[in-house]
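Below is the file input26.cif, which contains mmCIF, C-alpha atoms and all ligand atoms.
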```cif
data_final
loop_
_atom_site.label_atom_id
_atom_site.label_comp_id
_atom_site.auth_asym_id
_atom_site.auth_seq_id
_atom_site.Cartn_x
_atom_site.Cartn_y
_atom_site.Cartn_z
CA MET Z 1 -7.69 31.54 60.24
CA ARG Z 2 -10.59 33.87 60.75
CA ILE Z 3 -11.04 37.62 60.88
CA GLN Z 4 -13.29 38.70 63.69
CA CYS Z 5 -14.47 41.79 65.48
CA VAL Z 6 -12.75 42.66 68.76
CA ASP Z 7 -16.04 44.05 70.11
CA CYS Z 8 -18.92 41.80 69.04
CA GLY Z 9 -16.95 38.71 67.96
CA GLU Z 10 -18.67 38.65 64.55
CA GLN Z 11 -16.68 36.67 61.99
CA MET Z 12 -16.12 38.70 58.82
CA LYS Z 13 -17.17 37.19 55.50
CA ASP Z 14 -16.02 40.10 53.33
CA TRP Z 15 -13.07 42.39 53.74
CA ALA Z 16 -13.93 45.66 55.55
CA VAL Z 17 -12.16 48.47 57.36
CA ARG Z 18 -14.22 47.85 60.50
CA CYS Z 19 -17.00 45.55 61.64
CA GLN Z 20 -20.55 46.79 61.07
CA CYS Z 21 -20.83 47.36 64.83
CA GLY Z 22 -17.87 49.77 64.62
CA GLY Z 23 -15.34 47.48 66.30
CA ILE Z 24 -11.86 46.88 64.90
CA LEU Z 25 -10.88 43.53 63.45
CA GLU Z 26 -8.34 40.95 64.50
CA ILE Z 27 -6.96 37.81 62.97
CA LYS Z 28 -7.34 34.62 64.96
CA ARG Z 29 -5.13 31.65 64.14
CA ASP Z 30 -5.17 28.09 65.32
CA LEU Z 31 -1.53 27.36 66.12
CA SER Z 32 -2.16 23.85 67.47
CA SER Z 33 -0.91 22.05 64.36
CA LEU Z 34 2.45 23.84 64.47
CA ASP Z 35 5.34 22.01 66.09
CA ARG Z 36 7.82 24.04 68.16
CA ASP Z 37 10.93 22.11 67.04
CA TYR Z 38 9.91 22.22 63.39
CA LEU Z 39 9.48 25.99 63.59
CA LEU Z 40 12.80 26.49 65.38
CA LYS Z 41 14.61 24.55 62.67
CA LEU Z 42 12.77 26.38 59.88
CA PHE Z 43 13.40 29.85 61.29
CA ASN Z 44 17.07 29.07 61.90
CA GLU Z 45 17.60 27.65 58.40
CA ARG Z 46 15.98 30.71 56.87
CA LEU Z 47 18.56 32.96 58.55
CA TYR Z 48 20.94 31.84 55.80
CA GLU Z 49 18.58 32.56 52.89
CA ARG Z 50 19.86 35.13 50.42
CA GLY Z 51 17.82 36.81 47.71
CA THR Z 52 14.65 34.80 48.32
CA LEU Z 53 11.34 35.64 49.98
CA TYR Z 54 12.48 34.04 53.23
CA ALA Z 55 15.50 36.32 53.50
CA SER Z 56 12.93 38.91 54.62
CA GLY Z 57 12.83 39.37 58.38
CA VAL Z 58 9.04 39.31 58.07
CA TRP Z 59 8.39 36.38 55.70
CA ARG Z 60 10.96 34.29 57.62
CA TYR Z 61 8.09 33.83 60.08
CA ARG Z 62 5.42 33.37 57.42
CA GLU Z 63 3.78 30.38 59.18
CA LEU Z 64 2.89 32.68 62.11
CA ILE Z 65 2.03 35.74 60.04
CA ALA Z 66 0.01 35.01 56.92
CA PRO Z 67 0.34 31.43 55.62
CA GLU Z 68 -3.03 31.85 53.89
CA LEU Z 69 -1.69 34.40 51.38
CA PRO Z 70 -0.54 32.82 48.10
CA GLN Z 71 3.24 32.89 47.77
CA ASP Z 72 3.27 34.32 44.24
CA ILE Z 73 1.67 37.62 45.30
CA LEU Z 74 3.90 38.24 48.33
CA ILE Z 75 6.20 41.23 47.96
CA THR Z 76 9.39 42.03 49.83
CA ARG Z 77 12.06 44.71 50.00
CA GLY Z 78 14.15 42.76 52.48
CA GLU Z 79 12.40 44.36 55.48
CA GLY Z 80 13.24 43.38 59.05
CA ASN Z 81 16.72 41.96 59.67
CA THR Z 82 17.36 44.93 61.93
CA GLY Z 83 20.17 45.19 64.46
CA LEU Z 84 20.05 44.63 68.20
CA TYR Z 85 22.64 46.75 69.98
CA SER Z 86 23.79 46.89 73.60
CA SER Z 87 24.52 50.30 75.07
CA LYS Z 88 26.43 50.85 78.28
CA SER Z 89 25.87 54.60 78.24
CA ALA Z 90 22.12 54.20 77.80
CA ALA Z 91 22.03 51.58 80.58
CA ASP Z 92 23.90 53.99 82.84
CA TYR Z 93 21.57 56.82 81.83
CA ALA Z 94 18.52 54.78 82.77
CA GLY Z 95 20.21 53.24 85.82
CA ILE Z 96 19.79 49.58 84.88
CA ARG Z 97 22.12 46.61 84.34
CA GLN Z 98 21.57 45.99 80.64
CA LEU Z 99 19.91 48.00 77.91
CA GLN Z 100 19.63 47.10 74.25
CA PHE Z 101 18.17 48.87 71.24
CA LYS Z 102 16.29 47.05 68.50
CA ALA Z 103 16.77 49.40 65.55
CA GLN Z 104 13.63 49.16 63.42
CA SER Z 105 14.94 52.36 61.88
CA GLU Z 106 17.13 50.09 59.69
CA ASN Z 107 14.09 49.05 57.65
CA PRO Z 108 13.84 49.99 53.92
CA SER Z 109 11.75 53.12 54.54
CA GLY Z 110 13.43 53.84 57.88
CA SER Z 111 10.72 52.80 60.33
CA PHE Z 112 9.02 49.80 61.92
CA LYS Z 113 6.01 50.33 59.66
CA ASP Z 114 7.64 48.23 56.93
CA ASN Z 115 7.23 45.06 58.99
CA GLY Z 116 3.48 45.48 58.89
CA MET Z 117 3.07 47.28 55.58
CA VAL Z 118 4.65 44.55 53.49
CA VAL Z 119 1.98 42.17 54.76
CA ALA Z 120 -0.97 44.59 54.42
CA VAL Z 121 -0.04 45.49 50.84
CA SER Z 122 0.48 41.80 50.00
CA HIS Z 123 -2.97 41.06 51.37
CA GLY Z 124 -4.47 43.93 49.34
CA LEU Z 125 -2.79 42.56 46.21
CA SER Z 126 -4.26 39.12 46.95
CA LEU Z 127 -7.70 40.77 46.83
CA GLY Z 128 -6.85 42.41 43.50
CA LYS Z 129 -6.56 45.91 45.01
CA HIS Z 130 -4.31 48.46 43.39
CA ARG Z 131 -5.28 51.72 45.17
CA PHE Z 132 -3.88 51.84 48.68
CA ALA Z 133 -4.45 54.58 51.28
CA CYS Z 134 -3.56 55.72 54.77
CA SER Z 135 -3.83 58.58 57.20
CA SER Z 136 -0.38 59.38 58.46
CA THR Z 137 2.01 61.53 60.42
CA GLY Z 138 4.64 60.50 57.87
CA ASN Z 139 6.09 57.07 58.57
CA THR Z 140 3.08 54.98 57.61
CA SER Z 141 2.84 57.07 54.43
CA ALA Z 142 6.53 56.66 53.56
CA SER Z 143 6.24 52.93 54.06
CA LEU Z 144 3.01 52.59 52.10
CA SER Z 145 4.20 54.70 49.19
CA LEU Z 146 7.43 52.65 49.06
CA TYR Z 147 5.56 49.32 48.87
CA ALA Z 148 2.97 50.70 46.44
CA ALA Z 149 5.77 51.88 44.16
CA TRP Z 150 7.56 48.55 44.56
CA SER Z 151 4.43 46.63 43.60
CA GLY Z 152 3.48 48.94 40.72
CA THR Z 153 0.30 50.18 42.40
CA SER Z 154 -0.86 53.60 43.67
CA SER Z 155 -0.92 55.12 47.13
CA TYR Z 156 -3.16 57.94 48.42
CA ILE Z 157 -1.87 59.64 51.51
CA PHE Z 158 -3.93 61.74 53.93
CA ALA Z 159 -1.50 63.78 56.03
CA PRO Z 160 -2.00 66.67 58.45
CA ALA Z 161 -0.89 70.00 56.99
CA GLU Z 162 0.83 71.05 60.23
CA HIS Z 163 3.03 69.65 63.01
CA ILE Z 164 4.51 66.71 61.15
CA SER Z 165 7.96 66.13 59.75
CA ALA Z 166 8.60 67.69 56.33
CA ALA Z 167 11.28 65.10 55.62
CA LYS Z 168 8.77 62.24 55.94
CA ILE Z 169 6.36 63.94 53.57
CA SER Z 170 9.13 64.53 51.03
CA GLN Z 171 10.10 60.87 51.35
CA THR Z 172 6.46 59.90 50.73
CA ALA Z 173 6.28 62.15 47.66
CA ALA Z 174 9.59 60.78 46.41
CA TYR Z 175 8.16 57.26 46.21
CA GLY Z 176 5.17 58.65 44.29
CA GLY Z 177 2.51 58.81 47.00
CA HIS Z 178 -0.42 61.06 46.03
CA LEU Z 179 -0.70 63.52 48.92
CA VAL Z 180 -3.88 65.00 50.36
CA ARG Z 181 -2.93 67.48 53.10
CA PHE Z 182 -5.66 68.58 55.51
CA HIS Z 183 -6.13 70.70 58.62
CA GLY Z 184 -6.42 68.35 61.57
CA THR Z 185 -4.65 65.35 63.03
CA TYR Z 186 -4.08 61.71 62.11
CA ASP Z 187 -7.38 60.97 63.88
CA ASP Z 188 -9.33 63.13 61.40
CA GLY Z 189 -7.69 61.34 58.47
CA ILE Z 190 -8.66 57.94 59.93
CA HIS Z 191 -12.21 59.12 60.44
CA PHE Z 192 -12.38 60.21 56.80
CA LEU Z 193 -11.05 56.90 55.51
CA GLU Z 194 -13.43 54.91 57.70
CA GLN Z 195 -16.30 56.79 56.10
CA TYR Z 196 -15.19 57.07 52.47
CA ALA Z 197 -12.50 54.48 51.63
CA ASP Z 198 -14.98 51.98 50.19
CA ALA Z 199 -16.72 54.59 48.05
CA LEU Z 200 -13.33 55.76 46.76
CA ASP Z 201 -12.19 52.18 46.19
CA LEU Z 202 -9.22 52.60 48.53
CA TYR Z 203 -7.67 49.71 50.47
CA VAL Z 204 -6.76 51.13 53.90
CA CYS Z 205 -3.29 50.30 55.20
CA ASN Z 206 -3.44 51.91 58.62
CA SER Z 207 -2.96 49.73 61.64
CA LEU Z 208 -6.64 49.10 62.08
CA ASN Z 209 -5.98 46.74 59.18
CA PRO Z 210 -5.31 43.48 61.07
CA TYR Z 211 -2.71 42.35 58.51
CA ARG Z 212 -0.54 45.28 59.63
CA ILE Z 213 -0.59 43.83 63.12
CA GLU Z 214 0.22 40.33 61.86
CA GLY Z 215 3.26 41.70 60.04
CA GLN Z 216 4.46 43.79 62.97
CA LYS Z 217 4.52 40.64 65.13
CA SER Z 218 7.72 39.80 63.23
CA ILE Z 219 9.55 42.47 65.26
CA ILE Z 220 9.14 40.38 68.39
CA PHE Z 221 9.84 37.11 66.55
CA GLU Z 222 13.12 38.47 65.22
CA LEU Z 223 14.05 39.92 68.60
CA ALA Z 224 13.36 36.58 70.30
CA GLN Z 225 15.49 34.76 67.74
CA GLN Z 226 18.34 37.26 68.18
CA LEU Z 227 18.19 36.65 71.93
CA ASN Z 228 18.20 32.88 71.38
CA TRP Z 229 14.55 32.73 72.50
CA SER Z 230 15.40 34.05 75.94
CA MET Z 231 13.38 37.18 76.72
CA PRO Z 232 14.53 40.32 78.57
CA ASP Z 233 12.71 41.55 81.67
CA TRP Z 234 11.24 44.56 79.85
CA ILE Z 235 10.46 45.67 76.34
CA ALA Z 236 9.86 49.40 75.96
CA ILE Z 237 7.83 50.75 73.10
CA PRO Z 238 6.52 54.23 72.21
CA GLY Z 239 2.75 54.52 71.89
CA GLY Z 240 0.65 56.55 69.45
CA ALA Z 241 -1.98 54.66 67.45
CA LEU Z 242 -0.96 51.62 69.59
CA SER Z 243 -0.24 49.25 66.71
CA ASN Z 244 3.17 48.27 67.94
CA VAL Z 245 2.15 47.39 71.46
CA SER Z 246 -0.80 45.40 70.07
CA ALA Z 247 1.47 43.49 67.70
CA LEU Z 248 4.09 42.93 70.39
CA GLY Z 249 1.49 41.46 72.74
CA LYS Z 250 0.01 39.24 70.03
CA GLY Z 251 3.43 38.05 68.91
CA LEU Z 252 4.47 37.26 72.48
CA GLU Z 253 1.24 35.34 72.98
CA ASP Z 254 2.00 33.27 69.85
CA LEU Z 255 5.56 32.50 70.97
CA PHE Z 256 4.46 31.57 74.48
CA THR Z 257 1.59 29.37 73.24
CA LEU Z 258 3.98 27.54 70.92
CA GLY Z 259 6.56 27.06 73.67
CA LEU Z 260 9.17 29.04 71.74
CA ILE Z 261 9.69 31.26 74.78
CA ASN Z 262 9.10 30.30 78.40
CA LYS Z 263 8.83 33.76 79.90
CA LEU Z 264 6.74 36.77 78.93
CA PRO Z 265 8.70 40.01 79.20
CA ARG Z 266 6.83 42.96 80.67
CA ILE Z 267 5.84 45.65 78.18
CA ALA Z 268 6.48 49.28 79.09
CA LEU Z 269 4.33 51.42 76.79
CA ILE Z 270 5.48 55.01 76.81
CA GLN Z 271 3.40 57.92 75.52
CA ALA Z 272 4.24 61.60 75.19
CA GLU Z 273 2.57 63.65 77.91
CA GLY Z 274 0.72 65.83 75.37
CA ALA Z 275 -0.81 62.82 73.60
CA SER Z 276 -1.36 60.17 76.24
CA PRO Z 277 -5.04 59.17 76.35
CA PHE Z 278 -4.20 55.48 76.70
CA HIS Z 279 -1.82 56.02 79.61
CA ARG Z 280 -4.45 58.15 81.34
CA MET Z 281 -7.05 55.42 80.86
CA MET Z 282 -4.79 52.67 82.22
CA GLN Z 283 -3.62 54.79 85.13
CA SER Z 284 -7.13 55.59 86.25
CA ASN Z 285 -8.42 52.06 85.58
CA ASP Z 286 -11.09 53.39 83.22
CA THR Z 287 -12.94 50.87 81.10
CA SER Z 288 -12.96 52.98 77.97
CA LEU Z 289 -10.68 55.45 76.29
CA LEU Z 290 -11.48 59.14 76.39
CA PRO Z 291 -10.03 60.59 73.15
CA ASP Z 292 -7.91 63.69 73.30
CA SER Z 293 -9.34 66.09 70.71
CA ASN Z 294 -6.30 68.33 70.69
CA PRO Z 295 -3.15 66.24 71.14
CA PHE Z 296 0.24 67.89 70.88
CA THR Z 297 3.76 66.55 71.20
CA ARG Z 298 7.06 67.48 69.55
CA ALA Z 299 7.45 63.76 68.90
CA SER Z 300 5.03 64.17 65.99
CA ALA Z 301 4.82 60.46 65.15
CA MET Z 302 2.90 60.01 68.40
CA ASN Z 303 0.61 63.01 67.95
CA ILE Z 304 -2.54 60.90 68.14
CA GLY Z 305 -5.55 61.55 70.34
CA ASN Z 306 -7.83 58.65 69.44
CA PRO Z 307 -5.75 55.47 69.00
CA PRO Z 308 -7.83 52.89 67.12
CA SER Z 309 -6.12 49.85 68.68
CA TRP Z 310 -6.58 50.70 72.35
CA LYS Z 311 -8.47 47.49 73.20
CA LYS Z 312 -5.76 45.31 71.68
CA ALA Z 313 -3.16 47.41 73.48
CA ARG Z 314 -4.92 46.96 76.82
CA HIS Z 315 -4.90 43.20 76.27
CA ALA Z 316 -1.15 43.30 75.58
CA ILE Z 317 -0.44 45.26 78.76
CA GLN Z 318 -2.61 42.96 80.87
CA LEU Z 319 -1.16 39.78 79.31
CA THR Z 320 2.42 40.79 80.08
CA ASN Z 321 1.80 42.42 83.44
CA GLY Z 322 3.00 45.52 81.68
CA ILE Z 323 2.84 49.17 82.52
CA THR Z 324 2.19 52.50 80.82
CA ALA Z 325 3.91 55.82 81.46
CA SER Z 326 4.12 59.25 79.95
CA VAL Z 327 7.18 61.43 79.48
CA THR Z 328 7.61 65.08 78.58
CA ASP Z 329 8.96 66.31 75.26
CA GLU Z 330 12.04 67.56 77.15
CA GLU Z 331 12.68 64.07 78.55
CA ILE Z 332 12.25 62.63 75.06
CA MET Z 333 14.72 65.06 73.48
CA GLN Z 334 17.26 64.44 76.24
CA ALA Z 335 17.05 60.67 75.80
CA LYS Z 336 17.31 61.09 72.04
CA GLN Z 337 20.72 62.70 72.45
CA ILE Z 338 21.97 59.67 74.40
CA ILE Z 339 20.78 57.37 71.59
CA ASP Z 340 22.22 59.61 68.88
CA ARG Z 341 25.58 59.80 70.60
CA ASN Z 342 25.71 56.00 70.65
CA GLY Z 343 26.03 56.02 66.89
CA ILE Z 344 22.58 54.54 66.43
CA GLY Z 345 20.27 57.54 66.49
CA CYS Z 346 16.52 57.80 66.18
CA GLU Z 347 13.67 60.22 65.63
CA PRO Z 348 12.12 61.79 68.75
CA ALA Z 349 9.20 59.34 69.21
CA SER Z 350 11.59 56.38 69.50
CA ALA Z 351 13.50 58.06 72.31
CA ALA Z 352 10.39 57.98 74.50
CA THR Z 353 11.41 54.38 75.23
CA LEU Z 354 14.67 55.29 76.92
CA ALA Z 355 13.08 58.27 78.68
CA GLY Z 356 10.35 55.93 79.92
CA ILE Z 357 12.76 53.27 81.20
CA LYS Z 358 14.69 55.96 83.07
CA LYS Z 359 11.49 57.27 84.63
CA LEU Z 360 10.20 53.81 85.59
CA ARG Z 361 13.58 52.96 87.13
CA ALA Z 362 13.55 56.23 89.09
CA ILE Z 363 10.18 55.43 90.65
CA GLY Z 364 11.21 51.85 91.41
CA VAL Z 365 8.97 50.01 88.92
CA ILE Z 366 12.06 48.68 87.14
CA ASP Z 367 14.89 47.20 89.18
CA LYS Z 368 18.51 48.19 88.65
CA ASP Z 369 19.46 44.56 87.93
CA GLU Z 370 16.99 44.18 85.11
CA HIS Z 371 17.47 43.97 81.35
CA ALA Z 372 15.40 46.12 78.97
CA VAL Z 373 15.12 46.28 75.20
CA CYS Z 374 13.96 49.58 73.68
CA ILE Z 375 12.37 49.41 70.24
CA LEU Z 376 13.72 52.27 68.14
CA THR Z 377 10.86 52.86 65.76
CA GLY Z 378 12.16 55.53 63.37
CA HIS Z 379 15.43 56.66 61.78
CA LEU Z 380 17.46 59.69 62.89
CA LEU Z 381 16.98 61.39 59.50
CA LYS Z 382 13.19 61.17 59.68
CA ASP Z 383 13.01 64.46 61.56
CA ILE Z 384 15.63 66.87 60.28
CA ALA Z 385 14.07 69.80 62.14
CA ALA Z 386 14.70 67.97 65.43
CA LEU Z 387 18.35 67.56 64.44
CA ASP Z 388 18.60 71.28 63.71
CA GLU Z 389 16.97 72.13 67.03
CA LEU Z 390 19.35 69.93 68.98
CA TYR Z 391 22.60 70.15 67.10
CA SER Z 392 22.82 73.24 64.93
CA HIS Z 393 25.15 74.81 67.50
CA ASP Z 394 27.55 71.89 66.91
CA GLN Z 395 27.83 72.47 63.20
CA THR Z 396 31.28 73.74 62.39
CA SER Z 397 29.94 75.45 59.26
CA GLN Z 398 28.19 77.97 61.50
CA GLN Z 399 31.38 78.74 63.37
CA ALA Z 400 33.84 78.83 60.51
CA VAL Z 401 37.46 79.39 61.43
CA GLU Z 402 40.49 80.12 59.33
CA LEU Z 403 42.39 76.90 58.75
CA THR Z 404 45.42 77.94 60.71
CA GLN Z 405 47.01 75.58 63.20
CA GLU Z 406 46.34 78.02 66.02
CA GLN Z 407 42.61 78.43 65.31
CA VAL Z 408 42.06 74.73 64.66
CA SER Z 409 43.83 73.75 67.86
CA ILE Z 410 41.38 75.94 69.84
CA LYS Z 411 38.53 73.91 68.30
CA CYS Z 412 40.19 70.58 68.91
CA TYR Z 413 41.22 70.86 72.53
C1 LIG I 501 8.56 56.50 64.71
C2 LIG I 501 7.30 56.13 65.39
N1 LIG I 501 7.35 55.76 66.67
C3 LIG I 501 6.24 55.43 67.34
C4 LIG I 501 5.00 55.49 66.75
C5 LIG I 501 3.81 55.08 67.56
O1 LIG I 501 3.56 53.72 67.28
P1 LIG I 501 2.11 53.15 67.37
O2 LIG I 501 1.25 54.03 66.54
O3 LIG I 501 2.22 51.77 66.84
O4 LIG I 501 1.71 53.20 68.79
C6 LIG I 501 4.90 55.87 65.41
C7 LIG I 501 3.63 55.94 64.67
O5 LIG I 501 2.79 55.20 64.75
C8 LIG I 501 6.08 56.17 64.71
O6 LIG I 501 6.03 56.53 63.44
N1 LIG I 502 3.02 57.44 63.38
C1 LIG I 502 2.07 56.92 62.50
C2 LIG I 502 0.65 57.12 62.94
C3 LIG I 502 -0.01 55.80 63.19
O1 LIG I 502 -0.32 55.15 62.03
P1 LIG I 502 -0.88 53.66 61.87
O2 LIG I 502 -0.18 53.21 60.66
O3 LIG I 502 -0.57 52.87 63.07
O4 LIG I 502 -2.34 53.77 61.63
C4 LIG I 502 2.37 57.35 61.08
O5 LIG I 502 3.51 57.29 60.72
O6 LIG I 502 1.49 57.75 60.37
#
```
Show me the file's structure as structure tokens.
Amino acid sequence: MRIQCVDCGEQMKDWAVRCQCGGILEIKRDLSSLDRDYLLKLFNERLYERGTLYASGVWRYRELIAPELPQDILITRGEGNTGLYSSKSAADYAGIRQLQFKAQSENPSGSFKDNGMVVAVSHGLSLGKHRFACSSTGNTSASLSLYAAWSGTSSYIFAPAEHISAAKISQTAAYGGHLVRFHGTYDDGIHFLEQYADALDLYVCNSLNPYRIEGQKSIIFELAQQLNWSMPDWIAIPGGALSNVSALGKGLEDLFTLGLINKLPRIALIQAEGASPFHRMMQSNDTSLLPDSNPFTRASAMNIGNPPSWKKARHAIQLTNGITASVTDEEIMQAKQIIDRNGIGCEPASAATLAGIKKLRAIGVIDKDEHAVCILTGHLLKDIAALDELYSHDQTSQQAVELTQEQVSIKCY
């Protein structure tokens, strides 16, 4: 295993947030000594573990994630193990044969971040760190503060003062995260940490930490196992900082190299129109990303103008013959209602996946006979304001009636 710079290829000797040249870091593993059949047997046996490290839907795949970390420092809250659900109404909405949702919202802190955070914090602990930090729109912070609390360490959270979900910040505070609110966006918080984390002795747990990406690969490993190692035609994922698409691509590459899957699904990376610098770059075939200094989307988890992982994301899209698209906030909120009404639910950013599949089907990129899996990244309760916006008119408390049979029957029929 080695940690090297995506830009200059320099191999890191000491842990750092970025390479000296400014590039972000990635973990390279030699998988050649791993046997496909051995892994299949191991991963299947571990499905029946209860109460041990390997009952985690992340550490189940430890050999492909972080075998170098000593077992006694690894932490777990039983992350992963999230459901995969088929939805006829969502398939009909998008106009395709089969549509499934992988509900990462079922994680301990309610978002996909836990898959990566459990590994990043474990790595920090292995280095003796006990002050963890992130810039966040609310999910990374909730996840980090949960794992910091769980491991008896401290978390320092840099969060924009405006345009993010109050519920996520309350969740972060509830786990004991020390909050620093600032005027600006996630991008400004990242910039600050890149400059000052070392001086402040903070271990950065944002997704430019390559251990976050290693951990988030488990989402695709678990999905593949749930589908009996037979991949769908498409996997749709919302894009902000671009950690998920990077991890998805890296995980797929691992599985394909090992012969655990024999087909690479195509990745559909969906951004919100108001925060879509990566989509714009891919669409216009540019060779570098032009940051958006003033991003804005109602899907606040994706309100990111300068995604650190764009080079890894581009590799993932190219590897899988994937595609990028952008959707409006209105399209996102409409798709969210379909997902909510399925009894699964999600926060707005996650619904960009379904909105994106619908759009790509409408323009003929996706065929009606194809099968797509949408990754639902965050829980319905993560954004209470969005629920109020969409559903407050449904709340019976606002339209109280006398409990007479006559009045109730008007409501019921
Ligand atoms: C719920 C949710 N969905 C999607 C995203 C975007 O994912 P990524 O930053 O990995 O592109 C985020 C934040 O990162 C998020 O919190
Ligand atoms: N939506 C994210 C922003 C991206 O964070 P990162 O962990 O990928 O750096 C959040 O919840 O903060």
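The shell of residues at most 7 Å from region 311-319 of chain Z, with all atoms listed in the file counted and near chain neighbours (fewer than 4 positions) removed, consists of Leu242, Val245, Ser246, Gly249, Lys250, Ile267 and Ile323 of chain Z.
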Would you list the residues that come within 6 Å of ligand LIG 501 (chain I)? Count only C-alpha atoms and all ligand atoms and give the answer as a list in words.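 Those within range of ligand LIG 501 (chain I) are Asn139, Pro238, Gly239, Gly240, Ala241, Leu242, Ser243, Asn244, Ala301, Met302, Ala349, Ser350, Thr377 and Gly378 of chain Z.
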Let me make sure I understand: among Z:Ile344, Z:Ala355, Z:Ile157, Z:Cys19, which one has the smallest atom-to-atom distance to ligand LIG 502 (chain I) if we use only C-alpha atoms and all ligand atoms? Z:Ile157
Separating CA of Asn321 (chain Z) from CA of Asp254 (chain Z), to the nearest tenth of an Å, is a gap of 16.4 Å
Which one of Z:Asp292, Z:Asp388, Z:Glu68, Z:Glu347 sits closest to ligand LIG 502 (chain I) if you count all atoms listed in the file? Z:Glu347
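Closest approach to ligand LIG 502 (chain I) among Z:Gln216, Z:Asn285, Z:Gln405, Z:Thr353 is made by Z:Gln216 (distances from only C-alpha atoms and all ligand atoms).
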Go through Z:Ile213, Z:Ile375, Z:Ala385, Z:Ile96 and flag the residue nearest Thr82 (chain Z), using all atoms listed in the file for the distances.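 Closest to Thr82 (chain Z) of all the choices is Z:Ile375.
Taking CA of Arg212 (chain Z) and CA of Glu106 (chain Z) as the two end points, the separation is 18.3 Å.
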Among listed residues Z:Thr328, Z:Gln334, Z:Gln104, Z:Ser218, nearest Gln271 (chain Z) (using all atoms listed in the file):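 Between Z:Thr328, Z:Gln334, Z:Gln104, Z:Ser218, the residue approaching Gln271 (chain Z) most closely is Z:Thr328.
Counting only C-alpha atoms and all ligand atoms, the residue from Z:Leu360, Z:Leu390, Z:Leu255, Z:Val17 that sits nearest to ligand LIG 502 (chain I) is Z:Val17.
Taking atom O2 of ligand LIG 502 (chain I) and CA of Ile339 (chain Z) as endpoints, the distance between them is 24.0 Å.
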Excluding same-chain residues fewer than 3 positions from Pro70 (chain Z), what lies within 12 Å of it counting all atoms listed in the file, as a list in words?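 So, after excluding close chain neighbours, the residues are Arg62, Ala66, Pro67, Ile73, Leu74, Ile75, Val119, Ser122, His123, Gly124, Leu125, Ser126 and Leu127 of chain Z.
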Residues of the last selection are to be written out with C-alpha atoms, as a short mmCIF file (atom, residue, chain, number, x, y, z; two decimals), keeping the file's coordinate frame.
```cif
data_model
loop_
_atom_site.label_atom_id
_atom_site.label_comp_id
_atom_site.auth_asym_id
_atom_site.auth_seq_id
_atom_site.Cartn_x
_atom_site.Cartn_y
_atom_site.Cartn_z
CA ARG Z 62 5.42 33.37 57.42
CA ALA Z 66 0.01 35.01 56.92
CA PRO Z 67 0.34 31.43 55.62
CA ILE Z 73 1.67 37.62 45.30
CA LEU Z 74 3.90 38.24 48.33
CA ILE Z 75 6.20 41.23 47.96
CA VAL Z 119 1.98 42.17 54.76
CA SER Z 122 0.48 41.80 50.00
CA HIS Z 123 -2.97 41.06 51.37
CA GLY Z 124 -4.47 43.93 49.34
CA LEU Z 125 -2.79 42.56 46.21
CA SER Z 126 -4.26 39.12 46.95
CA LEU Z 127 -7.70 40.77 46.83
#
```
Quick one: everything within 10 Å of Pro277 (chain Z), counting only C-alpha atoms, minus sequence neighbours fewer than 5 positions away in the same chain. Send it as an NGL selection string. :Z and (240 or 271-272 or 282-283 or 289-293 or 295 or 304-307 or 310 or 326)
Put the listed atoms of region 71-78 of chain Z in a box along x, y and z with 4 Å added on every side and give me the centre and edge lengths in Å to one decimal, as lines of an AutoDock Vina configuration file.
```
center_x = 7.9
center_y = 38.8
center_z = 48.4
size_x = 20.5
size_y = 19.8
size_z = 16.2
```
Take the point (11.1, 35.3, 70.6) as written in the file and pick out every residue within 8 Å of it, counting all atoms listed in the file; give the list as a count of residues only. 16
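With only C-alpha atoms taken into account, the protein and nucleic acid residues at most 10 Å from Cys5 (chain Z) (excluding it and anything under 6 positions from it in its own chain) are Gln11, Met12, Arg18, Cys19, Gln20, Cys21, Gly22, Gly23, Ile24, Leu25, Glu26 and Ile27 of chain Z.
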If you keep C-alpha atoms, can you produce a file of those selected residues as a PDB file, in the coordinates of the input?
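In the end it all went to out.pdb:
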```pdb
ATOM      1  CA  GLN Z  11     -16.680  36.670  61.990  1.00  0.00           C
ATOM      2  CA  MET Z  12     -16.120  38.700  58.820  1.00  0.00           C
ATOM      3  CA  ARG Z  18     -14.220  47.850  60.500  1.00  0.00           C
ATOM      4  CA  CYS Z  19     -17.000  45.550  61.640  1.00  0.00           C
ATOM      5  CA  GLN Z  20     -20.550  46.790  61.070  1.00  0.00           C
ATOM      6  CA  CYS Z  21     -20.830  47.360  64.830  1.00  0.00           C
ATOM      7  CA  GLY Z  22     -17.870  49.770  64.620  1.00  0.00           C
ATOM      8  CA  GLY Z  23     -15.340  47.480  66.300  1.00  0.00           C
ATOM      9  CA  ILE Z  24     -11.860  46.880  64.900  1.00  0.00           C
ATOM     10  CA  LEU Z  25     -10.880  43.530  63.450  1.00  0.00           C
ATOM     11  CA  GLU Z  26      -8.340  40.950  64.500  1.00  0.00           C
ATOM     12  CA  ILE Z  27      -6.960  37.810  62.970  1.00  0.00           C
TER      13      ILE Z  27
END
```
